[in-house]
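Accompanying notes for the structure given below.
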Amino acid sequence: MFLLPYFTPQDLKAMQQELGIKLDKNRGQCYLIDKNIIHLILQYAKLNPNRDYVIEIGAGLGILSDFLIQNSKKVFLIENDRKIAKFLYSAYRNDYSCDYYDVDQLNCKIETFRSQISTSEAKVIIIFGDVLKIPLPNANRVVANIPYQISAPLIFKLIEEWQFDQVNLMVQTEFADRLTASVNSSNYSRLAASVGLFLDVHINHHVNPNSFYPPPRVSSKLITLKRKSPIYVGDFQSWDNKELYLTFLRGVFPHKNKSIRNALKLWLKHSDEICKTKYQYFNKFIENPSHFVFSNEKVRNLTPKTLFKLCIFGITGEFADGEI
Ligand code: SAH
């Protein structure tokens, strides 16, 4: 027997009472109640039951999890409301081989957490904890209706720990617009410049607030993220130099309305010696701006590719294909 999905607001209200919980929009607890949307998510995810290891972030009361379990080889359900995580365990433990991990009570260091859960033989692995504070388990997919308040840090985490064939998410509409913002638009930010180098973002479907209970104040989008092929600047490959690029963006994007030269100046002025040494060739750029075509361009006018080229210049002092 599978856990039955709770498709009506009345059912969810009854569940809240039974479990002694109160769904809180501020914690991103807006639960899907629309079967059509769940089917659409599965259509876009195209899971392979014989092969796919799926992470669900914010599993809630399991409405989507039920279907993910039936359509994959293994699922990791991450949920940071302890009562809800325990409920999931009690609901699934009779029907599946099921493990429960409480991140607060781990008897191993957080660094060994990934290998511990990855060796679990269970089909359903429930993890109580904040997804932003734990290493993601080994999996080739993520499918989730995510808590919207952690959208941006979660995308950065996915890029940093990327190991996925595909990621399918429900996100707030405005957030989908931020992910796909083009250069020099008001929405262009560190987020878009990061995503722009590494990921292809496909907007799949619009979702109304009344597909959730309680209904969020915003509309939503189903999106698919896939890994972009790497680009090369000389011998430097984008994915292999992810950390260098993301650090560089963290440095200059707080000053996105300033010229890149001034942004570099401000960043390096306030950074430590290790960072200054690592990106040492930026001094050349700051001191000889006339040698660089776009030293007066605003940060927000630079494409991810140009930013990556510039980042590599900071490290090597060389441009692979001529002047920037
Ligand atoms: N997947 C379910 C629930 C989505 S609501 C459904 O579609 O109905 C998002 C869920 O994420 C909530 O249950 C909330 O408790 C959980 N959550 C919020 N912040 C989280 C975090 N930092 N880490 C893990 N889970 C989180």
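Chain labels A, B, ... are given in the sequence in which chains occur in the structure tokens; within each chain residues are numbered consecutively from 1, and ligands are likewise numbered from 1 in the order shown.
Residues with any atom within 12 Å of Gly251 in chain A, counting only C-alpha atoms and excluding same-chain neighbours fewer than 3 positions away, are Arg190, Leu244, Tyr245, Leu246, Thr247, Phe248, Pro254, His255, Lys256, Ile260, Asn262, Ala263, Leu264, Lys265, Leu266, Trp267, Leu268, Lys269, His270, Ser271, Asp272, Cys275, Lys276, Tyr279, Val299, Leu307 and Cys311 of chain A.
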Using only C-alpha atoms and all ligand atoms, which protein or nucleic acid residues are at most 6 Å from ligand 1, as an NGL selection string? :A and (27-32 or 57-60 or 63-64 or 78-81 or 129-132 or 145-147)
Write out as JSON, numbers by chain the residues lying within 9 Å of Arg114 in chain A, counting only C-alpha atoms and excluding same-chain residues fewer than 6 positions away. {"A": [134, 135, 136, 137, 138]}
Would you mind exporting C-alpha atoms of the selected residues as a PDB file, in the first residue's frame?
ATOM      1  CA  ILE A 134      24.316  19.108   4.731  1.00  0.00           C
ATOM      2  CA  PRO A 135      26.264  17.690   1.806  1.00  0.00           C
ATOM      3  CA  LEU A 136      23.868  16.377  -0.815  1.00  0.00           C
ATOM      4  CA  PRO A 137      23.726  12.585  -1.051  1.00  0.00           C
ATOM      5  CA  ASN A 138      25.065  10.843  -4.163  1.00  0.00           C
TER       6      ASN A 138
END
Give me, as a PyMOL selection string, the residues of range 59-121 of chain A that a backbone DSSP run labels strand (DSSP E). chain A and resi 74-79+98-102
Writer output for current selection, C-alpha atoms, as a short mmCIF file (atom, residue, chain, number, x, y, z; two decimals), in the first residue's frame:
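File written: part06.cif
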data_model
loop_
_atom_site.label_atom_id
_atom_site.label_comp_id
_atom_site.auth_asym_id
_atom_site.auth_seq_id
_atom_site.Cartn_x
_atom_site.Cartn_y
_atom_site.Cartn_z
CA LYS A 74 16.18 5.19 -4.65
CA VAL A 75 14.99 8.46 -3.11
CA PHE A 76 16.48 10.76 -0.51
CA LEU A 77 13.77 12.84 1.15
CA ILE A 78 15.19 15.90 2.90
CA GLU A 79 12.90 17.77 5.28
CA CYS A 98 13.50 2.82 4.80
CA ASP A 99 16.25 4.62 6.77
CA TYR A 100 15.89 7.74 8.88
CA TYR A 101 18.76 10.14 9.64
CA ASP A 102 18.49 12.98 12.09
#
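Proximity of A:Asn210, A:Thr277, A:Thr8, A:Asn241 to Ile312 in chain A, computed with only C-alpha atoms, is greatest for A:Asn241.
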If you run DSSP over the backbone, which residues in range 114-293 of chain A end up helix (DSSP H, G or I)? Put them as a count of residues only. 82
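Computed from the coordinates, the CA of Val143 in chain A to CA of Asn168 in chain A distance equals 4.7 Å.
Between CA of Asn288 in chain A and CA of Val252 in chain A lies a distance of 18.4 Å.
Comparing A:Leu23, A:Val183, A:Val142, A:Ile126 by their smallest distance to Lys226 in chain A, the closest is A:Val142 (using only C-alpha atoms).
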Contacts of Phe7 in chain A at 8 Å or less, counting only C-alpha atoms, minus same-chain residues fewer than 6 places along, as a ChimeraX atom specification? /A:32-35
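Comparing the minimum interatomic distances between Lys22 in chain A and each of A:Ser115, A:Phe308, A:His202, A:Lys83, counting only C-alpha atoms, we find that A:Lys83 sits nearest.
Shortest atom-to-atom contact with Val207 in chain A among A:Ser118, A:Asn301, A:Gln17, A:Asn36: A:Asn36, counting only C-alpha atoms.
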